[in-house]
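Have a look at run_14.pdb below; it lists PDB, C-alpha atoms.
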```pdb
ATOM      1  CA  MET A  17       5.621 -18.505  10.605
ATOM      2  CA  ARG A  18       3.447 -15.466   9.805
ATOM      3  CA  LYS A  19       2.656 -15.082   6.113
ATOM      4  CA  PHE A  20       2.082 -11.673   4.522
ATOM      5  CA  ALA A  21       0.223 -10.909   1.318
ATOM      6  CA  VAL A  22       1.939  -7.919  -0.317
ATOM      7  CA  ILE A  23      -0.160  -6.030  -2.862
ATOM      8  CA  LEU A  24       1.837  -4.197  -5.514
ATOM      9  CA  ALA A  25       0.563  -1.515  -7.903
ATOM     10  CA  GLY A  26       3.098  -1.748 -10.744
ATOM     11  CA  CYS A  27       6.760  -0.751 -10.825
ATOM     12  CA  GLY A  28       7.810   2.858 -10.270
ATOM     13  CA  VAL A  29       6.833   5.632  -7.897
ATOM     14  CA  TYR A  30       4.975   7.830 -10.408
ATOM     15  CA  ASP A  31       2.795   5.184 -12.024
ATOM     16  CA  GLY A  32       3.125   2.014  -9.926
ATOM     17  CA  ALA A  33       4.537   0.723  -6.655
ATOM     18  CA  GLU A  34       7.354   2.670  -4.994
ATOM     19  CA  ILE A  35      10.222   0.261  -5.609
ATOM     20  CA  GLN A  36      12.306   1.014  -2.525
ATOM     21  CA  GLU A  37       9.281   0.800  -0.237
ATOM     22  CA  ALA A  38       8.239  -2.463  -1.860
ATOM     23  CA  VAL A  39      11.670  -4.111  -1.659
ATOM     24  CA  LEU A  40      12.302  -2.902   1.898
ATOM     25  CA  THR A  41       8.878  -4.217   2.934
ATOM     26  CA  LEU A  42       9.829  -7.653   1.620
ATOM     27  CA  LEU A  43      13.164  -7.394   3.426
ATOM     28  CA  ALA A  44      11.481  -6.417   6.688
ATOM     29  CA  ILE A  45       9.054  -9.334   6.468
ATOM     30  CA  ASP A  46      11.884 -11.792   5.888
ATOM     31  CA  LYS A  47      14.165 -10.194   8.496
ATOM     32  CA  LEU A  48      11.454 -10.445  11.141
ATOM     33  CA  GLY A  49      10.952 -14.158  10.561
ATOM     34  CA  ALA A  50       7.814 -14.053   8.439
ATOM     35  CA  SER A  51       7.209 -14.961   4.793
ATOM     36  CA  TYR A  52       5.385 -13.285   1.923
ATOM     37  CA  GLN A  53       3.572 -13.713  -1.357
ATOM     38  CA  CYS A  54       3.218 -10.796  -3.759
ATOM     39  CA  PHE A  55      -0.018 -10.047  -5.600
ATOM     40  CA  ALA A  56      -1.102  -7.461  -8.153
ATOM     41  CA  PRO A  57      -4.225  -6.920 -10.241
ATOM     42  CA  ASP A  58      -4.048  -8.167 -13.825
ATOM     43  CA  ILE A  59      -5.122  -4.845 -15.365
ATOM     44  CA  SER A  60      -3.667  -2.117 -17.544
ATOM     45  CA  GLN A  61      -1.871   0.748 -15.813
ATOM     46  CA  PHE A  62      -3.735   4.031 -15.952
ATOM     47  CA  HIS A  63      -0.712   5.513 -17.729
ATOM     48  CA  VAL A  64       3.062   5.175 -17.989
ATOM     49  CA  VAL A  65       5.393   7.918 -16.752
ATOM     50  CA  ASP A  66       8.990   8.435 -17.854
ATOM     51  CA  HIS A  67      10.776   8.462 -14.502
ATOM     52  CA  ILE A  68      13.580  10.673 -15.839
ATOM     53  CA  THR A  69      11.417  13.474 -17.217
ATOM     54  CA  GLY A  70       8.284  12.939 -15.130
ATOM     55  CA  LYS A  71       6.204  13.128 -18.306
ATOM     56  CA  GLU A  72       3.538  10.712 -19.488
ATOM     57  CA  THR A  73       4.460   8.473 -22.435
ATOM     58  CA  ASN A  74       2.409   6.618 -25.056
ATOM     59  CA  GLU A  75       3.383   3.189 -23.707
ATOM     60  CA  LYS A  76       0.891   0.632 -22.429
ATOM     61  CA  ARG A  77       1.849  -1.591 -19.513
ATOM     62  CA  ASN A  78       0.167  -4.206 -17.339
ATOM     63  CA  VAL A  79       0.145  -3.837 -13.535
ATOM     64  CA  LEU A  80       0.725  -7.544 -12.860
ATOM     65  CA  ALA A  81       3.551  -7.818 -15.395
ATOM     66  CA  GLU A  82       5.253  -4.683 -14.066
ATOM     67  CA  SER A  83       4.873  -5.781 -10.434
ATOM     68  CA  ALA A  84       6.512  -9.094 -11.363
ATOM     69  CA  ARG A  85       9.734  -7.137 -11.935
ATOM     70  CA  ILE A  86       9.866  -6.326  -8.209
ATOM     71  CA  ALA A  87       8.785  -9.821  -7.133
ATOM     72  CA  ARG A  88      11.333 -11.529  -9.421
ATOM     73  CA  GLY A  89       8.440 -13.289 -11.126
ATOM     74  CA  ASN A  90       7.069 -14.808  -7.917
ATOM     75  CA  ILE A  91       3.688 -13.103  -8.054
ATOM     76  CA  LYS A  92       0.040 -14.040  -8.386
ATOM     77  CA  PRO A  93      -2.952 -12.168  -9.799
ATOM     78  CA  LEU A  94      -4.909 -10.470  -7.039
ATOM     79  CA  SER A  95      -8.039 -12.297  -8.205
ATOM     80  CA  ALA A  96      -6.431 -15.484  -6.820
ATOM     81  CA  PHE A  97      -6.005 -14.046  -3.295
ATOM     82  CA  CYS A  98      -7.453 -16.222  -0.516
ATOM     83  CA  PRO A  99      -7.578 -14.648   2.967
ATOM     84  CA  GLY A 100      -7.343 -18.024   4.666
ATOM     85  CA  ASP A 101      -3.823 -18.471   3.326
ATOM     86  CA  PHE A 102      -2.418 -15.347   5.005
ATOM     87  CA  ASP A 103      -1.977 -13.768   8.414
ATOM     88  CA  ALA A 104      -1.581 -10.148   7.250
ATOM     89  CA  LEU A 105      -2.019  -7.889   4.217
ATOM     90  CA  ILE A 106       0.199  -4.910   3.386
ATOM     91  CA  PHE A 107       0.388  -2.213   0.697
ATOM     92  CA  PRO A 108       3.697  -0.510  -0.137
ATOM     93  CA  GLY A 109       3.131   2.990  -1.504
ATOM     94  CA  GLY A 110       3.721   4.658  -4.842
ATOM     95  CA  PHE A 111       1.197   6.573  -6.900
ATOM     96  CA  GLY A 112       0.002   3.355  -8.515
ATOM     97  CA  CYS A 113      -2.029   2.974  -5.305
ATOM     98  CA  ALA A 114      -3.868   6.156  -6.254
ATOM     99  CA  LYS A 115      -3.958   5.484 -10.017
ATOM    100  CA  ASN A 116      -4.183   1.706 -10.520
ATOM    101  CA  LEU A 117      -5.529   0.277  -7.240
ATOM    102  CA  SER A 118      -7.888   3.212  -6.785
ATOM    103  CA  THR A 119      -8.853   6.379  -8.647
ATOM    104  CA  TRP A 120      -7.978   8.788  -5.840
ATOM    105  CA  ALA A 121      -5.370  10.671  -7.907
ATOM    106  CA  PHE A 122      -8.022  11.695 -10.420
ATOM    107  CA  GLU A 123     -11.354  11.614  -8.624
ATOM    108  CA  GLY A 124     -10.494  12.606  -5.054
ATOM    109  CA  ASP A 125     -13.509  12.375  -2.778
ATOM    110  CA  GLN A 126     -15.483  10.518  -5.467
ATOM    111  CA  CYS A 127     -12.781   7.906  -5.990
ATOM    112  CA  ARG A 128     -13.379   4.193  -6.104
ATOM    113  CA  VAL A 129     -11.202   1.261  -5.049
ATOM    114  CA  ILE A 130     -10.932  -1.450  -7.701
ATOM    115  CA  PRO A 131     -13.034  -4.540  -6.874
ATOM    116  CA  ASP A 132     -10.185  -7.029  -6.328
ATOM    117  CA  VAL A 133      -8.475  -4.688  -3.867
ATOM    118  CA  GLU A 134     -11.695  -3.981  -1.993
ATOM    119  CA  LYS A 135     -12.480  -7.695  -1.818
ATOM    120  CA  ALA A 136      -9.017  -8.552  -0.464
ATOM    121  CA  VAL A 137      -9.083  -5.815   2.159
ATOM    122  CA  LYS A 138     -12.602  -6.529   3.367
ATOM    123  CA  SER A 139     -12.001 -10.273   3.533
ATOM    124  CA  MET A 140      -8.945  -9.747   5.756
ATOM    125  CA  PHE A 141     -10.854  -7.235   7.866
ATOM    126  CA  GLU A 142     -13.711  -9.693   8.367
ATOM    127  CA  ALA A 143     -11.150 -12.328   9.372
ATOM    128  CA  LYS A 144      -9.761  -9.832  11.941
ATOM    129  CA  LYS A 145      -6.293  -9.945  10.420
ATOM    130  CA  PRO A 146      -3.936  -6.947  10.298
ATOM    131  CA  ILE A 147      -3.892  -4.665   7.246
ATOM    132  CA  GLY A 148      -1.041  -2.211   6.680
ATOM    133  CA  ALA A 149      -0.548   0.695   4.287
ATOM    134  CA  MET A 150       2.395   3.030   3.751
ATOM    135  CA  CYS A 151       3.032   6.264   1.878
ATOM    136  CA  ILE A 152      -0.122   7.220  -0.119
ATOM    137  CA  ALA A 153      -1.729   3.766   0.247
ATOM    138  CA  PRO A 154      -3.726   4.731   3.386
ATOM    139  CA  VAL A 155      -6.154   6.598   1.097
ATOM    140  CA  ILE A 156      -7.335   3.146  -0.053
ATOM    141  CA  LEU A 157      -8.156   2.121   3.508
ATOM    142  CA  ALA A 158      -9.681   5.524   4.277
ATOM    143  CA  LYS A 159     -12.132   5.035   1.411
ATOM    144  CA  LEU A 160     -13.158   1.608   2.700
ATOM    145  CA  PHE A 161     -13.396   2.374   6.429
ATOM    146  CA  LYS A 162     -14.869   5.095   8.618
ATOM    147  CA  GLY A 163     -13.979   5.991  12.176
ATOM    148  CA  SER A 164     -10.400   4.816  11.895
ATOM    149  CA  ASN A 165      -7.068   6.640  12.272
ATOM    150  CA  PHE A 166      -4.489   6.974   9.483
ATOM    151  CA  THR A 167      -1.348   8.878   8.577
ATOM    152  CA  THR A 168       0.358   9.981   5.380
ATOM    153  CA  GLY A 169       2.930  12.080   7.247
ATOM    154  CA  ASN A 170       1.731  15.678   7.067
ATOM    155  CA  ASP A 171       0.268  15.848   3.548
ATOM    156  CA  PRO A 172      -2.652  18.330   3.357
ATOM    157  CA  ALA A 173      -4.492  16.787   0.381
ATOM    158  CA  SER A 174      -4.563  13.190   1.554
ATOM    159  CA  GLY A 175      -5.105  14.328   5.144
ATOM    160  CA  ALA A 176      -8.192  16.292   4.123
ATOM    161  CA  PHE A 177      -9.510  13.303   2.177
ATOM    162  CA  ILE A 178      -8.977  10.935   5.110
ATOM    163  CA  ARG A 179     -10.918  13.283   7.385
ATOM    164  CA  LYS A 180     -13.691  13.791   4.830
ATOM    165  CA  MET A 181     -14.161  10.024   4.620
ATOM    166  CA  GLY A 182     -14.980  10.075   8.330
ATOM    167  CA  ASN A 183     -11.605   9.099   9.745
ATOM    168  CA  LYS A 184      -9.024  10.738  11.985
ATOM    169  CA  TYR A 185      -5.768  11.991  10.481
ATOM    170  CA  SER A 186      -2.576  11.881  12.552
ATOM    171  CA  PRO A 187       0.500  13.824  11.394
ATOM    172  CA  THR A 188       3.664  11.750  11.848
ATOM    173  CA  GLY A 189       7.405  11.780  11.336
ATOM    174  CA  HIS A 190       9.804   9.184   9.987
ATOM    175  CA  GLY A 191       9.346   5.669  11.281
ATOM    176  CA  GLU A 192       6.147   6.381  13.180
ATOM    177  CA  VAL A 193       3.279   3.934  12.840
ATOM    178  CA  ILE A 194      -0.366   4.773  13.509
ATOM    179  CA  VAL A 195      -2.298   1.781  14.834
ATOM    180  CA  ASP A 196      -6.056   1.305  15.001
ATOM    181  CA  LYS A 197      -6.157  -1.652  17.379
ATOM    182  CA  ILE A 198      -9.913  -2.049  17.159
ATOM    183  CA  ARG A 199      -9.918  -2.473  13.366
ATOM    184  CA  ASN A 200      -6.379  -3.886  13.147
ATOM    185  CA  LEU A 201      -5.254  -1.197  10.654
ATOM    186  CA  TYR A 202      -1.706   0.182  10.424
ATOM    187  CA  SER A 203      -0.170   3.101   8.501
ATOM    188  CA  THR A 204       3.201   4.846   8.201
ATOM    189  CA  PRO A 205       4.310   7.788   6.000
ATOM    190  CA  CYS A 206       7.506   6.585   4.247
ATOM    191  CA  TYR A 207       8.085   8.687   1.086
ATOM    192  CA  MET A 208       5.146  10.997   1.755
ATOM    193  CA  LEU A 209       7.881  12.748   3.738
ATOM    194  CA  ASP A 210      11.269  13.736   2.323
ATOM    195  CA  ALA A 211      13.335  10.738   3.308
ATOM    196  CA  THR A 212      16.572   8.853   2.962
ATOM    197  CA  ILE A 213      16.458   5.188   2.056
ATOM    198  CA  SER A 214      17.522   4.277   5.606
ATOM    199  CA  GLN A 215      14.496   6.173   6.943
ATOM    200  CA  ILE A 216      12.290   4.180   4.571
ATOM    201  CA  ALA A 217      13.882   0.984   5.870
ATOM    202  CA  GLU A 218      13.039   2.090   9.407
ATOM    203  CA  GLY A 219       9.428   2.826   8.491
ATOM    204  CA  THR A 220       8.829  -0.442   6.658
ATOM    205  CA  GLU A 221      10.400  -2.476   9.442
ATOM    206  CA  ASN A 222       8.406  -0.650  12.105
ATOM    207  CA  ILE A 223       5.044  -1.227  10.411
ATOM    208  CA  VAL A 224       5.771  -4.899   9.728
ATOM    209  CA  LYS A 225       6.934  -5.386  13.341
ATOM    210  CA  ALA A 226       3.795  -3.645  14.650
ATOM    211  CA  MET A 227       1.587  -5.874  12.511
ATOM    212  CA  ILE A 228       3.345  -9.025  13.714
ATOM    213  CA  ASN A 229       3.212  -8.007  17.365
ATOM    214  CA  GLY A 230      -0.367  -6.756  17.215
TER     215      GLY A 230
END
```
Would you mind writing the file's structure down as structure tokens?
Amino acid sequence: MRKFAVILAGCGVYDGAEIQEAVLTLLAIDKLGASYQCFAPDISQFHVVDHITGKETNEKRNVLAESARIARGNIKPLSAFCPGDFDALIFPGGFGCAKNLSTWAFEGDQCRVIPDVEKAVKSMFEAKKPIGAMCIAPVILAKLFKGSNFTTGNDPASGAFIRKMGNKYSPTGHGEVIVDKIRNLYSTPCYMLDATISQIAEGTENIVKAMING
């Protein structure tokens, strides 16, 4: 049975992991006969956003504790990740990828990827195991790799960044998956496009299936 490591960035589209993408990714992994373990960094969120008003609040929250809400408590700190225990690594989207797992939302071209995320990605890459990213998460991979091919749908800002980092950007529609077979990297747009939840289910299942099938 293939085992996926799923890296979460909190809980909520505006300041953490996109919940529907995260849950549907877990469903797709299970539906396709694989298993998963969720991980998240044990760090403070950059900020907390009220998901009704869209405004920042004065709350302080922890990325690991918030991600545990999605994982029903079955989660480990990303510092404990061991590439030898897994066959694939995948990032659901949500702006926590650009705020907590990296600084892309604030620093753009000068952004950094947090050390535990970079270590996990590079260790899986060196082991020649598939790495997937959906929604805005491909900006993380674009920062760490050059000469690859990624998609975030048809978003101008992230597309420009991906190109500036020395990669190709491929516009895509719902459910499409861009595959870099040489580097074993996979991306799909999900909620970077206006979407229904069934279209998100299609996208998450397609990327997981592509990663399993190689």
Next on the checklist: To test your reading of the syntax: which residues would the PyMOL selection byres ((chain A and resi 18) around 8) return for the file shown? Reply as a ChimeraX atom specification.
Outcome noted: /A:17,19-20,49-51,102-104,228
Next on the checklist: Here's the selection I'm unsure about, the PyMOL selection byres ((chain A and resi 28-38) around 9); applied to the file above, which residues does it give, as a count of residues only?
Outcome noted: 41
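A straight line drawn from atom CA of Glu192 of chain A to atom CA of Lys145 of chain A is 20.7 Å long.
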The PyMOL selection byres ((chain A and resi 87) around 9) resolved against shown file, as a PDB file with C-alpha atoms, in the coordinates of the input:
```pdb
ATOM      1  CA  VAL A  39      11.670  -4.111  -1.659  1.00  0.00           C
ATOM      2  CA  GLN A  53       3.572 -13.713  -1.357  1.00  0.00           C
ATOM      3  CA  CYS A  54       3.218 -10.796  -3.759  1.00  0.00           C
ATOM      4  CA  PHE A  55      -0.018 -10.047  -5.600  1.00  0.00           C
ATOM      5  CA  SER A  83       4.873  -5.781 -10.434  1.00  0.00           C
ATOM      6  CA  ALA A  84       6.512  -9.094 -11.363  1.00  0.00           C
ATOM      7  CA  ARG A  85       9.734  -7.137 -11.935  1.00  0.00           C
ATOM      8  CA  ILE A  86       9.866  -6.326  -8.209  1.00  0.00           C
ATOM      9  CA  ARG A  88      11.333 -11.529  -9.421  1.00  0.00           C
ATOM     10  CA  GLY A  89       8.440 -13.289 -11.126  1.00  0.00           C
ATOM     11  CA  ASN A  90       7.069 -14.808  -7.917  1.00  0.00           C
ATOM     12  CA  ILE A  91       3.688 -13.103  -8.054  1.00  0.00           C
TER      13      ILE A  91
END
```
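Atom CA of Phe141 of chain A is positioned 17.1 Å from atom CA of Ser95 of chain A.
You will find atom CA of Leu80 of chain A at 12.7 Å from atom CA of Asp132 of chain A.
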Item to check | From A:Thr167, A:Thr188, A:Ser214, A:Asp101, residue lying nearest Leu201 of chain A [only C-alpha atoms] | outcome: A:Thr167
Checklist entry - From the set A:Lys225, A:Ile23, A:Leu117, A:Lys184, which residue has the shortest atom-to-atom contact distance to Ala56 of chain A, counting all atoms listed in the file? => result A:Ile23
